[in-house]
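For reference, run_10.txt is printed below; it contains compact mmCIF, C-alpha atoms and all ligand atoms.
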# COMPACT_ATOMS: atom_id res chain seq x y z
CA MET A 73 -20.35 28.83 6.94
CA VAL A 74 -17.03 27.73 5.43
CA ARG A 75 -18.02 29.23 2.08
CA SER A 76 -18.83 32.54 3.78
CA LEU A 77 -15.42 32.50 5.50
CA LEU A 78 -13.72 31.97 2.13
CA LYS A 79 -15.76 34.83 0.71
CA LYS A 80 -15.13 37.13 3.67
CA TYR A 81 -11.34 36.73 3.39
CA GLY A 82 -11.31 36.59 -0.44
CA ILE A 83 -9.70 33.11 -0.44
CA GLN A 84 -10.09 31.11 -3.63
CA GLY A 85 -7.64 28.26 -3.11
CA GLY A 86 -6.27 26.08 -5.87
CA SER A 87 -2.52 26.56 -5.21
CA HIS A 88 -0.63 24.72 -2.41
CA ASP A 89 -3.20 21.84 -2.49
CA GLN A 90 -5.84 24.26 -1.21
CA HIS A 91 -9.16 22.41 -1.37
CA PHE A 92 -11.22 23.56 1.58
CA LEU A 93 -13.63 21.16 3.24
CA VAL A 94 -17.00 22.94 3.06
CA ASP A 95 -19.33 20.05 3.98
CA ASN A 96 -20.18 20.56 7.64
CA ARG A 97 -21.41 16.98 8.15
CA ILE A 98 -18.00 15.63 7.11
CA LEU A 99 -16.18 18.13 9.34
CA GLU A 100 -18.38 16.95 12.23
CA ARG A 101 -17.73 13.27 11.46
CA ILE A 102 -13.98 13.85 11.44
CA ILE A 103 -14.28 15.46 14.88
CA GLU A 104 -16.46 12.59 16.12
CA GLU A 105 -13.96 9.96 14.90
CA SER A 106 -11.13 11.88 16.58
CA ARG A 107 -12.83 11.51 20.01
CA ILE A 108 -11.16 14.69 21.23
CA GLY A 109 -11.38 15.28 24.97
CA PRO A 110 -10.29 18.06 27.33
CA GLU A 111 -6.88 16.39 27.88
CA ASP A 112 -5.96 16.16 24.20
CA VAL A 113 -3.29 18.22 22.48
CA VAL A 114 -4.15 18.11 18.78
CA LEU A 115 -1.88 18.88 15.85
CA GLU A 116 -3.54 20.13 12.66
CA ILE A 117 -1.53 20.30 9.44
CA GLY A 118 -2.65 22.76 6.76
CA ALA A 119 -5.21 24.64 8.82
CA GLY A 120 -6.41 26.80 5.92
CA VAL A 121 -9.12 29.25 7.08
CA GLY A 122 -9.56 27.33 10.34
CA ASN A 123 -12.78 25.43 9.53
CA LEU A 124 -11.47 22.26 11.21
CA THR A 125 -9.32 24.19 13.68
CA GLU A 126 -12.28 25.83 15.41
CA LYS A 127 -14.08 22.50 15.83
CA ILE A 128 -10.95 20.81 17.21
CA ALA A 129 -10.31 23.73 19.56
CA SER A 130 -13.84 23.62 20.95
CA LYS A 131 -13.04 20.16 22.42
CA ALA A 132 -9.25 19.99 22.92
CA LYS A 133 -7.01 21.27 25.67
CA LYS A 134 -4.67 22.72 23.06
CA THR A 135 -4.63 22.93 19.25
CA ILE A 136 -1.46 23.41 17.22
CA ALA A 137 -2.32 24.65 13.73
CA ILE A 138 0.39 24.63 11.05
CA GLU A 139 -0.13 26.57 7.81
CA LEU A 140 2.23 27.43 4.95
CA ASP A 141 0.36 30.17 3.05
CA PRO A 142 0.98 33.61 4.68
CA ASN A 143 -2.48 34.85 3.59
CA LEU A 144 -4.12 31.95 5.40
CA VAL A 145 -1.85 32.44 8.42
CA ASP A 146 -3.21 36.01 8.57
CA VAL A 147 -6.76 34.65 8.47
CA LEU A 148 -5.94 32.23 11.31
CA HIS A 149 -4.44 35.06 13.40
CA ASP A 150 -7.48 37.23 12.70
CA ARG A 151 -9.87 34.47 13.76
CA PHE A 152 -7.94 32.88 16.63
CA GLY A 153 -5.25 35.40 17.63
CA ASP A 154 -6.80 35.92 21.07
CA HIS A 155 -7.38 32.18 21.74
CA GLU A 156 -4.53 31.12 24.03
CA GLU A 157 -5.30 27.43 23.51
CA ILE A 158 -4.66 27.70 19.75
CA GLN A 159 -1.00 27.88 18.71
CA ILE A 160 -0.56 28.99 15.11
CA ILE A 161 2.67 27.92 13.43
CA SER A 162 3.49 29.66 10.17
CA GLY A 163 5.67 27.47 7.95
CA ASP A 164 6.21 24.34 5.93
CA VAL A 165 5.11 21.22 7.80
CA LEU A 166 8.12 19.37 6.40
CA GLU A 167 10.50 21.93 7.92
CA VAL A 168 9.03 22.75 11.34
CA GLU A 169 9.67 20.78 14.50
CA PHE A 170 6.33 19.65 15.98
CA PRO A 171 5.65 20.58 19.60
CA PRO A 172 4.43 17.59 21.67
CA PHE A 173 0.91 16.39 20.69
CA ASN A 174 -1.12 13.22 21.25
CA LYS A 175 -3.56 13.40 18.32
CA VAL A 176 -3.25 14.63 14.76
CA VAL A 177 -6.34 15.62 12.81
CA ALA A 178 -5.93 17.12 9.35
CA ASN A 179 -7.08 17.54 5.80
CA LEU A 180 -3.57 17.12 4.43
CA PRO A 181 -1.94 18.80 1.42
CA TYR A 182 -2.09 15.77 -0.91
CA SER A 183 1.10 16.48 -2.87
CA ILE A 184 3.20 15.89 0.26
CA SER A 185 1.13 12.99 1.68
CA SER A 186 4.05 10.60 1.80
CA PRO A 187 6.77 12.76 3.44
CA VAL A 188 4.33 14.32 5.89
CA THR A 189 2.95 10.92 6.96
CA PHE A 190 6.39 9.43 7.53
CA LYS A 191 7.51 12.53 9.38
CA LEU A 192 4.43 12.19 11.62
CA LEU A 193 4.94 8.48 12.21
CA ARG A 194 8.33 9.16 13.77
CA TYR A 195 6.61 11.14 16.55
CA ASP A 196 4.92 9.55 19.54
CA PHE A 197 1.12 9.99 19.39
CA ASP A 198 -2.08 8.01 20.08
CA LEU A 199 -4.35 8.65 17.11
CA GLY A 200 -4.38 10.20 13.66
CA VAL A 201 -7.50 11.06 11.65
CA LEU A 202 -6.18 12.22 8.31
CA MET A 203 -7.63 13.05 4.89
CA TYR A 204 -5.76 11.73 1.82
CA GLN A 205 -6.38 11.22 -1.87
CA TYR A 206 -8.45 8.01 -2.05
CA GLU A 207 -5.90 6.01 -4.11
CA PHE A 208 -3.12 6.91 -1.68
CA ALA A 209 -5.31 5.87 1.28
CA ARG A 210 -6.06 2.52 -0.40
CA ARG A 211 -2.35 1.84 -0.78
CA MET A 212 -1.71 2.73 2.88
CA VAL A 213 -4.21 0.15 4.17
CA ALA A 214 -3.78 -2.56 1.48
CA CYS A 215 -3.35 -6.21 2.50
CA THR A 216 -0.64 -8.54 1.19
CA GLY A 217 -1.49 -9.87 -2.28
CA SER A 218 -4.00 -7.15 -3.14
CA GLU A 219 -3.60 -4.91 -6.16
CA ASP A 220 -2.83 -1.86 -4.00
CA TYR A 221 -0.25 -3.60 -1.78
CA SER A 222 2.97 -1.61 -2.10
CA ARG A 223 5.99 -0.15 -0.36
CA LEU A 224 3.60 2.41 1.18
CA SER A 225 1.44 -0.37 2.70
CA VAL A 226 4.44 -2.09 4.30
CA ALA A 227 5.93 1.18 5.56
CA THR A 228 2.63 2.49 6.99
CA GLN A 229 1.74 -0.80 8.63
CA TYR A 230 5.24 -1.04 10.09
CA TYR A 231 4.36 1.95 12.30
CA ALA A 232 0.60 1.82 12.79
CA ASP A 233 -2.74 0.11 12.27
CA ALA A 234 -4.38 1.93 9.37
CA GLU A 235 -8.01 1.88 8.30
CA ILE A 236 -10.14 3.88 5.83
CA ILE A 237 -13.10 5.22 7.80
CA MET A 238 -14.72 7.53 5.22
CA LYS A 239 -14.71 7.97 1.47
CA ILE A 240 -15.29 11.61 0.50
CA PRO A 241 -16.54 12.95 -2.84
CA ALA A 242 -14.84 15.91 -4.53
CA SER A 243 -18.06 17.93 -4.08
CA ALA A 244 -17.30 18.22 -0.34
CA PHE A 245 -14.49 20.68 -1.11
CA SER A 246 -14.11 24.17 -2.56
CA PRO A 247 -12.56 24.29 -5.09
CA PRO A 248 -13.27 20.58 -5.75
CA PRO A 249 -10.15 18.45 -6.35
CA LYS A 250 -9.98 16.20 -9.44
CA VAL A 251 -9.79 13.12 -7.22
CA MET A 252 -11.84 11.29 -4.58
CA SER A 253 -10.63 11.54 -0.99
CA ALA A 254 -10.66 9.30 2.05
CA VAL A 255 -10.18 9.72 5.78
CA VAL A 256 -7.70 7.28 7.31
CA LYS A 257 -7.54 6.40 10.99
CA LEU A 258 -3.97 5.71 12.13
CA VAL A 259 -3.27 4.07 15.47
CA PRO A 260 0.50 3.91 16.09
CA ARG A 261 1.73 0.78 17.89
CA PRO A 262 5.04 -0.95 18.62
CA PHE A 263 6.63 -2.74 15.64
CA PRO A 264 4.86 -6.09 15.28
CA TYR A 265 7.93 -7.91 13.99
CA LYS A 266 11.66 -7.81 14.53
CA VAL A 267 13.66 -5.58 12.21
CA VAL A 268 17.42 -5.66 12.79
CA ASP A 269 18.24 -2.50 10.82
CA GLU A 270 15.33 -0.15 10.09
CA SER A 271 17.15 1.92 7.51
CA PHE A 272 18.27 -1.22 5.58
CA PHE A 273 14.71 -2.61 5.78
CA PHE A 274 13.23 0.53 4.17
CA LYS A 275 15.96 0.54 1.49
CA PHE A 276 15.16 -3.13 0.82
CA ILE A 277 11.37 -2.49 0.60
CA THR A 278 11.92 0.40 -1.82
CA ALA A 279 14.23 -1.69 -4.01
CA VAL A 280 12.09 -4.82 -4.22
CA PHE A 281 8.76 -3.05 -4.73
CA GLY A 282 10.42 -1.20 -7.62
CA GLN A 283 10.21 -4.64 -9.31
CA ARG A 284 7.04 -5.96 -7.68
CA ARG A 285 6.31 -8.53 -10.40
CA LYS A 286 9.74 -10.16 -10.25
CA LYS A 287 10.54 -13.03 -7.90
CA LEU A 288 12.17 -11.66 -4.75
CA LYS A 289 15.44 -13.50 -5.42
CA ASN A 290 15.72 -11.84 -8.83
CA SER A 291 15.01 -8.36 -7.51
CA ILE A 292 17.57 -8.86 -4.75
CA MET A 293 20.12 -9.82 -7.43
CA ASN A 294 19.16 -6.85 -9.63
CA ASN A 295 19.34 -4.42 -6.71
CA SER A 296 22.48 -5.75 -5.05
CA SER A 297 24.52 -2.57 -5.48
CA LYS A 298 21.62 -0.36 -4.26
CA LEU A 299 21.47 -2.55 -1.15
CA GLY A 300 25.21 -2.29 -0.60
CA LEU A 301 25.70 -6.01 -1.35
CA ASN A 302 28.60 -7.37 -3.35
CA LYS A 303 27.14 -8.76 -6.57
CA GLU A 304 29.56 -11.68 -6.53
CA ASP A 305 28.40 -12.72 -3.05
CA VAL A 306 24.69 -12.38 -3.74
CA LYS A 307 24.27 -15.78 -5.41
CA GLU A 308 25.81 -17.46 -2.41
CA MET A 309 23.70 -15.42 -0.01
CA ILE A 310 20.50 -16.31 -1.82
CA ILE A 311 21.03 -20.03 -1.07
CA GLN A 312 21.06 -19.29 2.64
CA LEU A 313 17.66 -17.52 2.59
CA PRO A 314 14.28 -19.31 2.96
CA GLN A 315 13.54 -20.52 -0.60
CA ASP A 316 9.75 -20.62 -0.17
CA ILE A 317 9.85 -16.85 0.46
CA ILE A 318 12.42 -15.67 -2.08
CA ASP A 319 10.69 -17.61 -4.88
CA LYS A 320 7.59 -15.38 -4.46
CA ARG A 321 6.95 -11.88 -5.76
CA PRO A 322 7.23 -9.02 -3.21
CA GLU A 323 3.53 -8.23 -3.75
CA ASN A 324 2.69 -11.67 -2.29
CA LEU A 325 4.89 -11.40 0.78
CA SER A 326 3.70 -10.11 4.15
CA PRO A 327 5.59 -7.35 5.96
CA PHE A 328 6.76 -10.08 8.37
CA GLU A 329 8.23 -12.22 5.55
CA LEU A 330 9.88 -9.17 3.97
CA ALA A 331 11.40 -8.22 7.33
CA ASP A 332 12.69 -11.78 7.70
CA ILE A 333 14.53 -11.59 4.39
CA ALA A 334 15.88 -8.08 5.08
CA ASN A 335 17.18 -9.34 8.44
CA GLY A 336 18.77 -12.36 6.73
CA LEU A 337 20.50 -10.21 4.13
CA LYS A 338 21.73 -7.85 6.81
CA ASP A 339 23.18 -10.78 8.81
CA ILE A 340 24.91 -12.20 5.74
CA LYS A 341 26.18 -8.72 4.82
CA GLN A 342 27.89 -8.46 8.21
CA LEU A 343 29.64 -11.85 8.00
C1 LIG A 401 -6.52 20.46 1.64
S1 LIG A 401 -6.23 22.06 2.31
C2 LIG A 401 -7.03 21.92 3.88
C3 LIG A 401 -7.48 23.24 4.44
C4 LIG A 401 -8.41 23.15 5.65
N1 LIG A 401 -7.79 22.50 6.77
C5 LIG A 401 -9.68 22.42 5.30
O1 LIG A 401 -9.87 21.31 5.79
O2 LIG A 401 -10.47 22.93 4.54
C6 LIG A 401 -4.51 21.92 2.68
C7 LIG A 401 -3.91 23.10 3.43
O3 LIG A 401 -2.53 22.84 3.63
C8 LIG A 401 -1.79 24.03 3.38
N2 LIG A 401 -0.42 23.58 2.98
C9 LIG A 401 -0.01 23.19 1.74
N3 LIG A 401 1.29 22.82 1.80
C10 LIG A 401 1.68 22.97 3.10
C11 LIG A 401 2.91 22.76 3.76
N4 LIG A 401 4.00 22.30 3.12
N5 LIG A 401 2.98 23.01 5.09
C12 LIG A 401 1.89 23.48 5.77
N6 LIG A 401 0.69 23.71 5.18
C13 LIG A 401 0.59 23.44 3.86
C14 LIG A 401 -2.54 24.73 2.28
O4 LIG A 401 -2.24 26.11 2.24
C15 LIG A 401 -3.99 24.42 2.70
O5 LIG A 401 -4.47 25.40 3.60

Translate this file's structure into structure tokens.
Amino acid sequence: MVRSLLKKYGIQGGSHDQHFLVDNRILERIIEESRIGPEDVVLEIGAGVGNLTEKIASKAKKTIAIELDPNLVDVLHDRFGDHEEIQIISGDVLEVEFPPFNKVVANLPYSISSPVTFKLLRYDFDLGVLMYQYEFARRMVACTGSEDYSRLSVATQYYADAEIIMKIPASAFSPPPKVMSAVVKLVPRPFPYKVVDESFFFKFITAVFGQRRKKLKNSIMNNSSKLGLNKEDVKEMIIQLPQDIIDKRPENLSPFELADIANGLKDIKQL
């Protein structure tokens, strides 16, 4: 099936993160987990030869398939050019404006996992079923205090509930990648805690997780200029923050506690 499509169009993959999902059972499970119904408008990123696209389109009201590689865009037009319910967008996912959609289902290009995920999370949608490199997926869903807990965990969980629903071996792809993969289910929801200044919060998370083994108060001091704080004032500011929190390492602080400190710093900054 998928292998014969690759053969028919002479597609070998390898460049542009091209690892095509050839295991039909996994394609079917992704579709099942996406619970696509006749009202759904589904965005697919990196449609490749359309192996997932055709399964999505058989259930959805509309499918929007984005693909960067012009050879693969030609394949998609050849296969689906006369399907009105499939919109093919030729271009870089990081550059194109997404038309409205309510679900996103994709085997993502792994090298742009982070920017593409955070671009997506700024759109309004109900459900994402997305394939990532396994290690990246583990960091997205990691809990406070775990080895994988990172800036990515806090940022992902700021926007959505995230869960690994499948672990996929390299043998499911052609050509096989060098890494294991995982499918993550993302359910966007309102922010679960108050953040006074989103852009300052993300700057703060990036700075303190850059020094995840240092006590928070020390990484705030070390990063004062990056955070736009006057170094001279930082010592004084630190005294006003909850000591039980700033004495811990960032890796042991929940997103809520980190937001609390970012809000505190922002308040002090504005005094
Ligand atoms: C992992 S493959 C998935 C292909 C296919 N959907 C599948 O499941 O077999 C990733 C796809 O993303 C495409 N791609 C890579 N970078 C891209 C980008 N910046 N924008 C859009 N598509 C991209 C690649 O050409 C490739 O078709």

Around all the atoms of segment 285-303 of chain A listed in the file, draw an axis-aligned box and extend it by 6 Å on each of the six sides; I want its centre and edge lengths in Å to one decimal, as lines of an AutoDock Vina configuration file.
center_x = 17.5
center_y = -6.9
center_z = -5.5
size_x = 34.3
size_y = 25.1
size_z = 21.8

*Got a sec: who's within 10 Å of segment 268-271 of chain A, counting all atoms listed in the file, leaving out chain neighbours fewer than 5 positions off, as a PyMOL selection string?*
chain A and resi 276+331-332+334-336+338-339

*Selection near segment 172-184 of chain A, 10 Å with all atoms listed in the file, sequence-local residues under 6 positions removed, as a PyMOL selection string*: chain A and resi 88-93+99+102-103+105-108+111-120+124-125+128+132+134-138+165-166+192+195-205+208+253-255+257-259

*Spatial sel., origin (3.7, -1.3, 15.6), limit 12 Å, all atoms listed in the file, listed as a PyMOL selection string*: chain A and resi 193-194+196+198+226-234+258-267+327-328

May I have a table of the residues of segment 111-183 of chain A lying at most 10 Å from segment 74-77 of chain A, giving each one's closest pair of atoms and their distance in Å to one decimal, counting all atoms listed in the file, ordered by chain and ascending residue number, as CSV?
residue,atom,partner,partner_atom,distance
A:Val121,CA,A:Leu77,CA,7.3
A:Gly122,CA,A:Val74,CA,8.9
A:Asn123,CA,A:Val74,CA,6.3
A:Leu124,CA,A:Val74,CA,9.7
A:Val147,CA,A:Leu77,CA,9.4

*Between atom CA of Lys320 of chain A and atom CA of Lys287 of chain A, what is the distance, to one decimal in Å?*
5.1 Å

*Provide the atom CA of Ile311 of chain A to atom CA of Thr278 of chain A distance in Å, to one decimal place.*
22.4 Å

*Closest to Ser222 of chain A among A:Glu167, A:Asp146, A:Glu329, A:Glu323, using only C-alpha atoms?*
A:Glu323
